[in-house]
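*Asks:* Provided herewith: target-v5.cif, mmCIF, C-alpha atoms.
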data_data
loop_
_atom_site.label_atom_id
_atom_site.label_comp_id
_atom_site.auth_asym_id
_atom_site.auth_seq_id
_atom_site.Cartn_x
_atom_site.Cartn_y
_atom_site.Cartn_z
CA MET A 141 -19.34 46.33 -102.68
CA ASN A 142 -19.42 42.51 -102.89
CA SER A 143 -22.02 42.83 -105.63
CA MET A 144 -19.77 45.16 -107.58
CA LYS A 145 -16.81 42.77 -107.29
CA HIS A 146 -18.99 39.88 -108.41
CA THR A 147 -20.23 41.89 -111.43
CA SER A 148 -16.68 42.88 -112.38
CA ARG A 149 -15.48 39.27 -112.20
CA LEU A 150 -18.42 38.14 -114.32
CA ILE A 151 -17.76 40.81 -116.93
CA LYS A 152 -14.09 39.84 -117.02
CA THR A 153 -14.96 36.17 -117.50
CA VAL A 154 -17.34 36.93 -120.38
CA THR A 155 -14.75 39.17 -122.03
CA ASP A 156 -12.01 36.54 -121.73
CA VAL A 157 -14.20 33.83 -123.22
CA LEU A 158 -15.24 35.97 -126.15
CA THR A 159 -11.67 37.10 -126.77
CA CYS A 160 -10.52 33.46 -126.96
CA GLN A 161 -13.28 32.67 -129.43
CA THR A 162 -12.17 35.58 -131.59
CA LYS A 163 -8.61 34.29 -131.71
CA ARG A 164 -9.75 30.79 -132.70
CA THR A 165 -11.78 31.92 -135.75
CA VAL A 166 -11.25 34.38 -138.59
CA THR A 167 -14.69 34.02 -140.05
CA SER A 168 -17.09 36.90 -140.47
CA LYS A 169 -19.14 35.39 -137.67
CA SER A 170 -16.36 35.85 -135.07
CA PHE A 171 -17.05 38.09 -132.07
CA ASN A 172 -15.88 41.64 -132.08
CA THR A 173 -13.84 41.82 -128.88
CA ARG A 174 -13.84 45.57 -128.98
CA ASN A 175 -17.65 45.68 -128.98
CA VAL A 176 -17.88 43.18 -126.14
CA THR A 177 -15.42 45.19 -124.09
CA GLY A 178 -17.50 48.29 -124.79
CA VAL A 179 -20.68 46.56 -123.58
CA ALA A 180 -18.87 45.37 -120.48
CA ALA A 181 -17.65 48.87 -119.77
CA GLN A 182 -21.18 50.25 -120.14
CA SER A 183 -22.50 47.57 -117.77
CA ARG A 184 -19.76 48.38 -115.28
CA THR A 185 -20.61 52.08 -115.53
CA ARG A 186 -24.32 51.43 -114.88
CA THR A 187 -23.48 49.26 -111.85
CA THR A 188 -21.13 51.92 -110.49
CA LEU A 189 -23.73 54.67 -110.93
CA VAL A 190 -26.37 52.63 -109.08
CA GLN A 191 -23.98 51.93 -106.22
CA GLU A 192 -22.86 55.54 -106.04
CA LYS A 193 -26.46 56.72 -105.95
CA ASP A 194 -27.29 54.20 -103.21
CA ALA A 195 -24.23 55.28 -101.21
CA GLU A 196 -25.20 58.95 -101.60
CA GLN A 197 -28.74 58.29 -100.37
CA ARG A 198 -27.41 56.27 -97.44
CA SER A 199 -24.95 59.03 -96.57
CA LEU A 200 -27.73 61.63 -96.61
CA ALA A 201 -29.91 59.43 -94.39
CA GLN A 202 -27.04 58.93 -91.93
CA ALA A 203 -26.41 62.66 -91.82
CA ALA A 204 -30.11 63.27 -91.18
CA TYR A 205 -30.09 60.78 -88.31
CA TYR A 206 -27.00 62.46 -86.83
CA ASP A 207 -28.63 65.89 -87.07
CA GLU A 208 -31.80 64.50 -85.46
CA GLY A 209 -29.75 63.10 -82.59
CA LEU A 210 -28.05 66.44 -81.98
CA ARG A 211 -31.42 68.21 -82.12
CA MET A 212 -32.83 65.88 -79.46
CA LEU A 213 -29.75 66.33 -77.30
CA HIS A 214 -29.88 70.13 -77.28
CA GLU A 215 -33.65 70.54 -77.27
CA HIS A 216 -34.62 68.22 -74.43
CA GLN A 217 -31.55 67.55 -72.30
CA ARG A 218 -32.08 68.28 -68.59
CA THR A 219 -28.41 68.77 -67.74
CA SER A 220 -25.32 69.86 -69.67
CA PRO A 221 -23.09 66.75 -69.72
CA SER A 222 -19.70 66.82 -71.42
CA LEU A 223 -19.88 64.51 -74.42
CA ASN A 224 -16.08 64.19 -74.25
CA ASP A 225 -16.62 61.54 -71.59
CA LEU A 226 -18.21 59.33 -74.22
CA GLU A 227 -14.70 58.83 -75.63
CA ASP A 228 -13.71 56.91 -72.47
CA ASN A 229 -10.01 57.73 -72.77
CA TYR A 230 -9.10 56.63 -69.24
CA GLY A 231 -6.57 54.27 -67.72
CA PRO A 232 -7.24 50.98 -65.90
CA GLU A 233 -7.52 52.72 -62.52
CA MET A 234 -10.88 54.17 -63.63
CA TYR A 235 -12.31 50.68 -64.04
CA ALA A 236 -10.58 48.87 -61.17
CA LYS A 237 -13.88 48.20 -59.31
CA ASN A 238 -15.78 47.28 -62.46
CA CYS A 239 -13.53 44.95 -64.44
CA GLU A 240 -10.62 42.59 -63.74
CA ASN A 241 -7.82 41.75 -66.21
CA PHE A 242 -8.58 45.07 -67.87
CA ILE A 243 -7.28 45.61 -71.43
CA GLY A 244 -9.48 48.48 -72.65
CA THR A 245 -13.02 49.51 -73.47
CA VAL A 246 -15.30 48.59 -76.35
CA LYS A 247 -17.14 51.29 -78.26
CA VAL A 248 -20.82 50.65 -78.90
CA PRO A 249 -22.73 52.95 -81.31
CA THR A 250 -25.16 55.09 -79.31
CA GLY A 251 -28.25 56.86 -80.62
CA LEU A 252 -31.03 58.91 -79.04
CA VAL A 253 -34.80 58.73 -78.83
CA SER A 254 -37.19 61.21 -77.23
CA ILE A 255 -40.24 60.21 -75.22
CA LYS A 256 -42.91 62.32 -73.53
CA VAL A 257 -43.79 60.83 -70.15
CA ASN A 258 -46.69 61.70 -67.87
CA GLY A 259 -45.74 59.90 -64.67
CA LYS A 260 -45.76 60.01 -60.90
CA HIS A 261 -42.07 60.91 -61.00
CA ALA A 262 -41.18 61.65 -64.65
CA ASN A 263 -42.94 64.48 -66.43
CA GLY A 264 -42.06 66.01 -69.77
CA ILE A 265 -39.92 65.02 -72.75
CA TYR A 266 -36.84 62.91 -72.02
CA THR A 267 -33.92 62.20 -74.35
CA VAL A 268 -32.74 58.62 -73.90
CA PRO A 269 -29.42 57.12 -75.14
CA MET A 270 -29.56 53.61 -76.61
CA ALA A 271 -26.31 51.71 -77.26
CA THR A 272 -26.64 49.01 -79.90
CA THR A 273 -25.05 47.44 -82.94
CA GLU A 274 -28.41 46.37 -84.36
CA GLY A 275 -29.32 48.49 -87.36
CA ALA A 276 -32.96 49.70 -87.46
CA LEU A 277 -33.40 49.39 -83.68
CA VAL A 278 -33.06 53.08 -82.76
CA ALA A 279 -35.07 54.07 -85.82
CA SER A 280 -37.84 51.70 -84.73
CA TYR A 281 -38.02 53.11 -81.21
CA ASN A 282 -37.81 56.66 -82.50
CA ARG A 283 -40.79 56.01 -84.80
CA GLY A 284 -42.91 54.57 -82.00
CA THR A 285 -42.06 57.22 -79.42
CA LYS A 286 -42.85 60.00 -81.90
CA VAL A 287 -46.38 58.66 -82.33
CA ILE A 288 -46.82 58.31 -78.56
CA ASN A 289 -45.61 61.90 -78.18
CA GLU A 290 -48.16 63.07 -80.75
CA ALA A 291 -50.87 61.28 -78.77
CA GLY A 292 -49.96 63.26 -75.64
CA GLY A 293 -47.30 61.01 -74.12
CA ALA A 294 -47.11 57.76 -72.18
CA ASN A 295 -49.03 57.69 -68.90
CA VAL A 296 -46.80 55.69 -66.59
CA ALA A 297 -46.43 54.85 -62.91
CA PHE A 298 -43.62 53.44 -60.80
CA ILE A 299 -45.38 51.19 -58.27
CA ARG A 300 -42.69 49.74 -56.01
CA GLN A 301 -39.19 48.31 -55.83
CA ARG A 302 -38.20 44.90 -54.53
CA ILE A 303 -34.90 43.02 -54.64
CA ILE A 304 -34.65 39.43 -53.48
CA ARG A 305 -31.99 37.37 -51.76
CA ALA A 306 -32.90 33.73 -51.09
CA PRO A 307 -30.76 31.86 -48.53
CA VAL A 308 -31.20 28.09 -48.18
CA PHE A 309 -30.84 26.08 -44.94
CA GLU A 310 -30.24 22.33 -44.65
CA PHE A 311 -31.33 20.00 -41.82
CA ASN A 312 -31.21 16.30 -40.94
CA THR A 313 -34.97 15.67 -40.80
CA VAL A 314 -38.29 17.11 -41.97
CA GLU A 315 -39.16 17.76 -38.32
CA GLU A 316 -36.10 19.98 -37.89
CA ALA A 317 -36.84 21.81 -41.12
CA THR A 318 -40.44 22.60 -40.09
CA MET A 319 -39.29 23.75 -36.63
CA PHE A 320 -36.94 26.21 -38.33
CA GLN A 321 -39.68 27.35 -40.71
CA GLU A 322 -42.07 28.10 -37.83
CA PHE A 323 -39.38 30.09 -36.02
CA TYR A 324 -38.35 31.97 -39.15
CA GLU A 325 -41.90 33.08 -39.95
CA GLN A 326 -42.77 34.36 -36.44
CA PRO A 327 -43.41 38.15 -36.32
CA ASP A 328 -40.92 38.56 -33.45
CA THR A 329 -38.22 36.86 -35.51
CA PHE A 330 -38.90 39.19 -38.42
CA VAL A 331 -38.40 42.24 -36.19
CA LEU A 332 -35.01 40.91 -35.11
CA ILE A 333 -33.69 39.93 -38.51
CA LYS A 334 -34.98 43.18 -40.04
CA SER A 335 -32.92 45.10 -37.50
CA ILE A 336 -29.83 43.00 -38.23
CA ALA A 337 -30.16 43.39 -42.00
CA GLU A 338 -30.77 47.13 -42.01
CA LYS A 339 -27.71 47.84 -39.83
CA THR A 340 -25.56 46.97 -42.85
CA THR A 341 -26.99 49.61 -45.20
CA ARG A 342 -28.15 53.22 -45.30
CA HIS A 343 -30.65 52.68 -48.08
CA GLY A 344 -31.81 49.05 -47.90
CA LYS A 345 -35.04 48.06 -46.14
CA LEU A 346 -36.26 44.53 -45.46
CA HIS A 347 -40.00 44.32 -46.16
CA LYS A 348 -40.95 40.66 -46.10
CA VAL A 349 -39.63 37.15 -45.54
CA GLN A 350 -41.16 33.86 -46.56
CA CYS A 351 -40.04 30.28 -46.99
CA ASN A 352 -40.86 26.93 -48.53
CA VAL A 353 -39.91 23.56 -47.06
CA HIS A 354 -38.63 20.84 -49.37
CA GLY A 355 -38.07 17.79 -47.19
CA THR A 356 -34.98 18.54 -45.13
CA THR A 357 -34.31 21.87 -46.85
CA VAL A 358 -35.80 25.29 -46.16
CA HIS A 359 -35.76 27.74 -49.08
CA THR A 360 -36.26 31.33 -47.95
CA ARG A 361 -36.94 34.62 -49.74
CA MET A 362 -35.92 37.94 -48.23
CA SER A 363 -37.57 40.87 -49.99
CA TYR A 364 -35.82 44.27 -49.76
CA SER A 365 -36.00 47.71 -51.30
CA SER A 366 -32.64 49.27 -52.19
CA GLY A 367 -33.26 52.95 -52.85
CA ASP A 368 -31.63 54.23 -56.03
CA ALA A 369 -29.22 51.31 -56.34
CA SER A 370 -30.04 48.12 -58.19
CA GLY A 371 -29.14 46.57 -54.86
CA GLN A 372 -27.81 43.11 -55.63
CA ASN A 373 -24.66 43.53 -53.54
CA MET A 374 -26.55 45.52 -50.93
CA VAL A 375 -28.99 42.70 -50.16
CA THR A 376 -26.21 40.10 -50.20
CA PHE A 377 -24.29 42.04 -47.55
CA ALA A 378 -27.50 42.53 -45.53
CA SER A 379 -28.57 38.88 -45.69
CA GLU A 380 -25.27 37.31 -44.63
CA PRO A 381 -25.36 38.47 -40.96
CA VAL A 382 -29.02 37.39 -40.80
CA CYS A 383 -28.04 33.88 -41.88
CA LYS A 384 -25.27 33.79 -39.27
CA TRP A 385 -27.69 34.93 -36.59
CA LEU A 386 -30.26 32.28 -37.56
CA HIS A 387 -27.59 29.61 -37.51
CA ALA A 388 -26.65 30.60 -33.98
CA ASN A 389 -30.10 31.36 -32.51
CA ALA A 390 -32.73 29.20 -34.20
CA PRO A 391 -34.22 26.43 -31.99
CA VAL A 392 -32.59 23.89 -34.31
CA THR A 393 -29.17 24.40 -35.88
CA PRO A 394 -28.87 23.98 -39.65
CA THR A 395 -26.26 21.51 -40.84
CA ALA A 396 -25.38 24.03 -43.56
CA TRP A 397 -26.59 27.27 -45.07
CA TYR A 398 -25.87 29.15 -48.30
CA ILE A 399 -26.43 32.83 -49.07
CA ASP A 400 -28.59 32.23 -52.14
CA CYS A 401 -30.42 29.54 -54.04
CA GLY A 402 -32.60 29.46 -57.14
CA HIS A 403 -35.57 31.11 -55.42
CA SER A 404 -34.06 34.57 -55.92
CA LEU A 405 -34.32 34.21 -59.72
CA ASP A 406 -31.18 36.36 -59.96
CA LYS A 407 -30.63 36.99 -63.70
CA ARG A 408 -33.33 34.48 -64.52
CA SER A 409 -36.92 34.82 -65.66
CA GLY A 410 -39.69 33.30 -63.57
CA THR A 411 -43.29 33.66 -62.43
CA ALA A 412 -42.25 34.73 -58.93
CA ASN A 413 -40.75 37.88 -60.43
CA PHE A 414 -44.20 38.87 -61.66
CA LEU A 415 -45.97 37.97 -58.40
CA ASP A 416 -43.45 39.39 -55.91
CA GLY A 417 -41.38 41.69 -58.09
CA ARG A 418 -37.64 41.91 -58.56
CA GLY A 419 -36.40 45.43 -59.17
CA ALA A 420 -38.80 48.21 -60.13
CA TYR A 421 -42.44 47.44 -60.89
CA VAL A 422 -43.62 49.94 -63.51
CA THR A 423 -46.70 50.13 -65.71
CA GLY A 424 -48.08 52.42 -68.39
CA GLU A 425 -50.78 53.09 -70.98
CA VAL A 426 -51.60 55.42 -73.83
CA VAL A 427 -54.59 55.90 -76.12
CA LEU A 428 -53.59 56.33 -79.76
CA PRO A 429 -56.20 57.90 -82.07
CA ARG A 430 -57.26 55.74 -84.99
CA GLY A 431 -56.28 58.41 -87.51
CA LEU A 432 -52.80 58.68 -86.04
CA ILE A 433 -52.26 54.91 -86.33
CA GLU A 434 -53.37 54.90 -89.95
CA LYS A 435 -51.36 58.00 -90.92
CA ARG A 436 -48.10 57.34 -89.08
CA MET A 437 -47.98 53.56 -88.73
CA HIS A 438 -49.68 52.66 -92.03
CA THR A 439 -51.87 49.98 -90.47
CA SER A 440 -55.16 49.78 -88.57
CA VAL A 441 -56.42 49.40 -85.03
CA GLU A 442 -58.05 46.10 -85.96
CA ILE A 443 -54.89 44.58 -87.46
CA ILE A 444 -52.79 45.56 -84.42
CA GLN A 445 -55.40 44.08 -82.09
CA GLN A 446 -55.40 40.85 -84.12
CA LEU A 447 -51.60 40.65 -84.07
CA ASN A 448 -51.61 41.23 -80.33
CA TRP A 449 -53.90 38.23 -79.98
CA HIS A 450 -51.28 36.17 -81.81
CA GLN A 451 -48.83 37.00 -79.02
CA ILE A 452 -50.38 33.98 -77.33
CA ASP A 453 -47.95 32.05 -79.53
CA ASN A 454 -45.33 33.10 -76.96
CA ILE A 455 -47.04 30.80 -74.48
CA PHE A 456 -47.16 27.96 -76.98
CA ALA A 457 -43.42 28.42 -77.42
CA GLY A 458 -42.80 28.32 -73.66
CA SER A 459 -42.22 32.02 -73.01
CA GLN A 460 -43.27 33.59 -69.72
CA ALA A 461 -43.52 37.05 -71.28
CA LEU A 462 -46.02 38.51 -73.73
CA ASN A 463 -44.34 41.39 -75.51
CA CYS A 464 -42.95 42.35 -78.92
CA GLN A 465 -39.37 43.46 -78.29
CA ALA A 466 -38.96 44.77 -74.75
CA ALA A 467 -35.53 43.17 -74.44
CA ASN A 468 -34.22 45.36 -77.28
CA ALA A 469 -34.90 48.60 -75.42
CA LEU A 470 -33.71 47.24 -72.10
CA ALA A 471 -30.41 45.90 -73.47
CA ALA A 472 -29.65 49.13 -75.35
CA ILE A 473 -30.49 51.41 -72.40
CA PHE A 474 -28.75 49.12 -69.89
CA ILE A 475 -25.50 49.16 -71.89
CA ALA A 476 -25.62 52.93 -72.38
CA THR A 477 -26.34 53.77 -68.73
CA GLY A 478 -24.14 51.31 -66.83
CA GLN A 479 -26.76 48.78 -65.75
CA ASP A 480 -25.97 45.07 -65.48
CA PRO A 481 -26.77 43.77 -68.99
CA ALA A 482 -27.30 40.26 -67.63
CA CYS A 483 -30.34 41.56 -65.74
CA VAL A 484 -32.20 41.84 -69.03
CA ALA A 485 -32.88 38.15 -68.31
CA GLU A 486 -35.42 39.00 -65.59
CA SER A 487 -36.25 42.55 -66.69
CA HIS A 488 -37.63 41.56 -70.10
CA LEU A 489 -40.49 39.67 -68.38
CA SER A 490 -43.13 42.16 -69.49
CA PHE A 491 -46.66 42.16 -70.83
CA THR A 492 -48.06 44.30 -73.63
CA GLN A 493 -51.75 44.54 -74.50
CA PHE A 494 -53.44 46.39 -77.35
CA LYS A 495 -57.19 46.85 -77.31
CA LYS A 496 -59.76 48.81 -79.24
CA THR A 497 -61.56 51.47 -77.24
CA THR A 498 -65.30 52.12 -77.46
CA GLU A 499 -64.45 55.17 -79.62
CA GLY A 500 -62.52 52.98 -82.06
CA ASP A 501 -59.06 54.15 -81.02
CA LEU A 502 -56.17 51.98 -79.84
CA GLN A 503 -55.17 51.65 -76.19
CA MET A 504 -51.78 50.19 -75.39
CA ILE A 505 -51.07 48.86 -71.89
CA CYS A 506 -47.64 47.64 -70.82
CA THR A 507 -46.24 46.38 -67.50
CA ILE A 508 -42.70 45.48 -66.44
CA PRO A 509 -42.80 43.89 -62.96
CA SER A 510 -39.07 43.21 -62.55
CA LEU A 511 -37.00 46.07 -63.98
CA MET A 512 -33.52 45.70 -62.45
CA ILE A 513 -32.03 49.20 -62.61
CA GLY A 514 -30.10 51.70 -60.53
CA THR A 515 -28.98 55.31 -60.82
CA ILE A 516 -26.14 55.06 -58.30
CA GLY A 517 -23.44 52.45 -57.79
CA GLY A 518 -22.09 49.78 -60.09
CA GLY A 519 -21.35 50.99 -63.60
CA THR A 520 -23.51 54.12 -63.36
CA SER A 521 -20.59 56.31 -62.24
CA LEU A 522 -18.24 55.41 -65.10
CA PRO A 523 -17.66 58.42 -67.37
CA SER A 524 -19.60 57.37 -70.48
CA GLN A 525 -22.41 55.73 -68.54
CA LYS A 526 -22.80 58.68 -66.17
CA THR A 527 -22.95 61.01 -69.19
CA CYS A 528 -25.79 58.96 -70.65
CA LEU A 529 -27.70 59.08 -67.35
CA ASP A 530 -27.05 62.83 -67.19
CA ILE A 531 -28.55 63.23 -70.68
CA ILE A 532 -31.76 61.68 -69.31
CA GLY A 533 -31.42 63.62 -66.06
CA THR A 534 -31.47 60.53 -63.86
CA HIS A 535 -28.09 60.14 -62.22
CA GLY A 536 -27.85 60.20 -58.44
CA ILE A 537 -30.03 60.02 -55.36
CA GLY A 538 -33.80 60.16 -55.81
CA THR A 539 -33.85 59.49 -59.55
CA MET A 540 -34.46 55.73 -59.87
CA PRO A 541 -38.29 55.95 -60.03
CA THR A 542 -38.01 58.62 -62.74
CA PHE A 543 -35.58 56.43 -64.69
CA ALA A 544 -37.98 53.48 -64.43
CA GLU A 545 -40.89 55.51 -65.80
CA VAL A 546 -38.79 56.86 -68.68
CA ILE A 547 -37.69 53.34 -69.62
CA MET A 548 -41.33 52.26 -69.56
CA GLY A 549 -42.17 54.97 -72.10
CA VAL A 550 -39.36 53.92 -74.44
CA VAL A 551 -40.36 50.26 -74.22
CA MET A 552 -43.91 51.23 -75.19
CA GLY A 553 -42.57 53.06 -78.25
CA GLY A 554 -40.80 49.94 -79.41
CA GLU A 555 -43.83 47.74 -78.83
CA LEU A 556 -45.99 50.03 -80.96
CA SER A 557 -43.41 50.33 -83.73
CA LEU A 558 -42.73 46.63 -84.15
CA ILE A 559 -46.32 45.41 -84.11
CA SER A 560 -47.23 48.20 -86.56
CA ALA A 561 -44.39 47.19 -88.89
CA MET A 562 -45.70 43.63 -88.83
CA GLY A 563 -49.21 44.84 -89.56
CA ALA A 564 -48.12 47.04 -92.45
CA GLN A 565 -45.79 44.35 -93.87
CA HIS A 566 -42.86 46.76 -93.45
CA PHE A 567 -40.76 44.67 -91.06
CA ALA A 568 -38.40 43.11 -93.63
CA TYR A 569 -38.18 46.32 -95.68
CA ALA A 570 -37.15 48.38 -92.63
CA HIS A 571 -34.29 46.02 -91.84
CA LYS A 572 -33.13 45.99 -95.45
CA LYS A 573 -33.20 49.79 -95.48
CA HIS A 574 -31.43 50.41 -92.18
CA ALA A 575 -29.36 47.31 -91.46
CA ARG A 576 -28.01 46.28 -94.85
CA GLY A 577 -25.59 47.84 -97.31
CA PRO A 578 -21.88 48.66 -97.55
CA THR A 579 -19.97 49.70 -94.42
CA ALA A 580 -16.91 51.86 -94.06
CA SER A 581 -14.64 48.78 -93.96
CA SER A 582 -16.08 46.95 -96.97
#
Could you write out this file's structure as structure tokens?

*Replies:*
Amino acid sequence: MNSMKHTSRLIKTVTDVLTCQTKRTVTSKSFNTRNVTGVAAQSRTRTTLVQEKDAEQRSLAQAAYYDEGLRMLHEHQRTSPSLNDLEDNYGPEMYAKNCENFIGTVKVPTGLVSIKVNGKHANGIYTVPMATTEGALVASYNRGTKVINEAGGANVAFIRQRIIRAPVFEFNTVEEATMFQEFYEQPDTFVLIKSIAEKTTRHGKLHKVQCNVHGTTVHTRMSYSSGDASGQNMVTFASEPVCKWLHANAPVTPTAWYIDCGHSLDKRSGTANFLDGRGAYVTGEVVLPRGLIEKRMHTSVEIIQQLNWHQIDNIFAGSQALNCQAANALAAIFIATGQDPACVAESHLSFTQFKKTTEGDLQMICTIPSLMIGTIGGGTSLPSQKTCLDIIGTHGIGTMPTFAEVIMGVVMGGELSLISAMGAQHFAYAHKKHARGPTASS
């Protein structure tokens, strides 16, 4: 549209100039204004036809994407959610526990991808909503997951769940701090504080405690599981009475204590999240036949393997993760399903590896050690978000491990799609095709 306006202004300027020249001269060499206007009109017509053709093609593509989304929804959905809830026409009372100073809700475009998962908990084809304003993102994931599906599906496994709270205790001397550390790490102390913590929750379990002494300060880590909830509030409520008990019963009394310090890496990325976990630890792999890579992704096993080697540039740049675009899938799925979007900060810490098999095919391996998700509590029960979880079939008790494995499969689809686009030199073209062009408001 901007291009059309610019062309029209240019044509008008040329016409005006030539018209003025015609008025200033009566010689046989003067411009024929009528001819110039005719040329301008022809140019305007050609521009309009090109734009109309482009708009028609874009409209057809959008209609095809919409039809594909509906097909996925009806073919693979595991429940029958009411899509009316996606309109979110509710009053402030619906969101009283989720948002203060409420003024309304924001609509985010939501698309679907389908992924075949062969997991310990998830088995079959799952339809997954992704909420995003980034053009080409859903198309990219859809392309990658289709190829994984053709290869037999993503083989994934939920390993464990851990959620950390990290209280800090202050003392007057190093001697006092080490006395507290020795008491805190005794097996008998663990039995007591485990009992105190687990009295506050039906689903939370305390699995491990550890600490580090920094002079007169003791930094602790309390490692819980939280069932189907993401568990951040759960472990806060469980850790507070433990801190009060330690303050009252330790052989040396802290001068101060605080419920959390930086050791929890709450909404932050860090090595400890990979070593100890924070959220769900999930991993997966798939072998993609060479012919499938060449036919569908328009690149080769060798080029993908070489590009994967260049992921070491992430380390040179200071990143703690080695992946292509895991954060894209996580943000889109988190927003659609009522997760805490800020937890993408720790959840994106993932590692993707591509290697050539002895048969010449491509094996992709991906691990997310700190996937902060839940299928109950928080925003997961809001109407739109619950509907999106229902589309996947992962809302409610007992579904968090399934949800984690499904997310793993989608992430793998995106990793394959992006690195293949880079290898085929299609990355820029795809974004021009899907993310550029006139919008309804332009």

*Asks:* Taking only C-alpha atoms into account, name the residue in A:Asp328, A:Asp453, A:Glu322, A:Glu545 that is nearest to Tyr421 (chain A).

*Replies:* A:Glu545

*Asks:* What does the distance between CA of His347 (chain A) and CA of Phe320 (chain A) come to in Å, to one decimal place?

*Replies:* 20.0 Å

*Asks:* Excluding region 258-272 of chain A and any residue of its chain fewer than 3 positions from it, enumerate the residues within 8 Å of it, using all atoms listed in the file, and give them as a PyMOL selection string.

*Replies:* chain A and resi 212-213+216-218+248-255+275+277-278+293-298+469+472-473+475-477+528+531-532+541-543+545-546

*Asks:* Let me see the file: selected residues, C-alpha atoms, as a short mmCIF file (atom, residue, chain, number, x, y, z; two decimals), keeping the file's coordinate frame.

*Replies:*
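Result file selection_26.cif:
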data_model
loop_
_atom_site.label_atom_id
_atom_site.label_comp_id
_atom_site.auth_asym_id
_atom_site.auth_seq_id
_atom_site.Cartn_x
_atom_site.Cartn_y
_atom_site.Cartn_z
CA MET A 212 -32.83 65.88 -79.46
CA LEU A 213 -29.75 66.33 -77.30
CA HIS A 216 -34.62 68.22 -74.43
CA GLN A 217 -31.55 67.55 -72.30
CA ARG A 218 -32.08 68.28 -68.59
CA VAL A 248 -20.82 50.65 -78.90
CA PRO A 249 -22.73 52.95 -81.31
CA THR A 250 -25.16 55.09 -79.31
CA GLY A 251 -28.25 56.86 -80.62
CA LEU A 252 -31.03 58.91 -79.04
CA VAL A 253 -34.80 58.73 -78.83
CA SER A 254 -37.19 61.21 -77.23
CA ILE A 255 -40.24 60.21 -75.22
CA GLY A 275 -29.32 48.49 -87.36
CA LEU A 277 -33.40 49.39 -83.68
CA VAL A 278 -33.06 53.08 -82.76
CA GLY A 293 -47.30 61.01 -74.12
CA ALA A 294 -47.11 57.76 -72.18
CA ASN A 295 -49.03 57.69 -68.90
CA VAL A 296 -46.80 55.69 -66.59
CA ALA A 297 -46.43 54.85 -62.91
CA PHE A 298 -43.62 53.44 -60.80
CA ALA A 469 -34.90 48.60 -75.42
CA ALA A 472 -29.65 49.13 -75.35
CA ILE A 473 -30.49 51.41 -72.40
CA ILE A 475 -25.50 49.16 -71.89
CA ALA A 476 -25.62 52.93 -72.38
CA THR A 477 -26.34 53.77 -68.73
CA CYS A 528 -25.79 58.96 -70.65
CA ILE A 531 -28.55 63.23 -70.68
CA ILE A 532 -31.76 61.68 -69.31
CA PRO A 541 -38.29 55.95 -60.03
CA THR A 542 -38.01 58.62 -62.74
CA PHE A 543 -35.58 56.43 -64.69
CA GLU A 545 -40.89 55.51 -65.80
CA VAL A 546 -38.79 56.86 -68.68
#

*Asks:* Expressed in Å to a single decimal, how great is the separation between CA of Gly536 (chain A) and CA of Lys348 (chain A)?

*Replies:*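 It comes out at 26.6 Å.
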
*Asks:* Choose the residue, out of A:Val441, A:Gly371, A:Gly410, A:Ile559, that has the smallest atom-to-atom separation from His488 (chain A); count all atoms listed in the file.

*Replies:*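 With all atoms listed in the file as the atom set, the closest residue is A:Gly410.
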
*Asks:* Find the residues near Ile399 (chain A): any atom within 9 Å, counting only C-alpha atoms, skip ones fewer than 3 places away on the same chain, and give them as a PyMOL selection string.

*Replies:* chain A and resi 305-308+376+379-380+383

*Asks:* Give me the residues within 6 Å of region 512-521 of chain A as a PyMOL selection string, counting all atoms listed in the file and dropping any in the same chain fewer than 5 places off.

*Replies:* chain A and resi 368-370+419+478+487+526+535-536+540

*Asks:* Given the file shown, enumerate the residues that the PyMOL selection byres ((chain A and resi 438) around 10) captures and present them as a list in words.

*Replies:*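 Expected selection for the PyMOL selection byres ((chain A and resi 438) around 10) here is Gly431, Leu432, Ile433, Glu434, Lys435, Arg436, Met437, Thr439, Ser440, Ser560, Ala561, Gly563, Ala564, Gln565 and His566 of chain A.
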
*Asks:* Selection in question (the file shown): the PyMOL selection byres ((chain A and resi 352) around 12). Which residues does it include, as a list in words?

*Replies:*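 Given this file, the PyMOL selection byres ((chain A and resi 352) around 12) evaluates to Ala306, Pro307, Val308, Phe309, Ala317, Thr318, Phe320, Gln321, Glu322, Tyr324, Glu325, Val349, Gln350, Cys351, Val353, His354, Gly355, Thr356, Thr357, Val358, His359, Thr360, Arg361 and His403 of chain A.
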
*Asks:* Which one is closest to Cys506 (chain A): A:Asn282, A:Thr539, A:Gln446, A:Thr423? Count all atoms listed in the file.

*Replies:* A:Thr423

*Asks:* Could you pull out every residue with an atom within 12 Å of (-45.0, 34.8, -73.8), file coordinates, counting only C-alpha atoms, and send them as JSON, numbers by chain?

*Replies:* {"A": [409, 410, 411, 448, 449, 450, 451, 452, 453, 454, 455, 456, 457, 458, 459, 460, 461, 462, 463, 464, 465, 466, 488, 489, 490, 491, 492, 493]}

*Asks:* Using Å and a single decimal, report how far CA of Lys256 (chain A) sits from CA of Gly292 (chain A).

*Replies:*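 These atoms are spaced 7.4 Å apart.
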
*Asks:* Looking at A:Asp225, A:Ile336, A:Met319, A:His574, which one is nearest to Glu274 (chain A), with distances taken over only C-alpha atoms?

*Replies:*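 Ranking A:Asp225, A:Ile336, A:Met319, A:His574 by distance to Glu274 (chain A), first place goes to A:His574.
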
*Asks:* Which of these residues is nearest to Asn289 (chain A), using only C-alpha atoms: A:Gly500, A:Pro481, A:Pro429, A:Pro509?

*Replies:*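 Smallest separation from Asn289 (chain A) among the options: A:Pro429.
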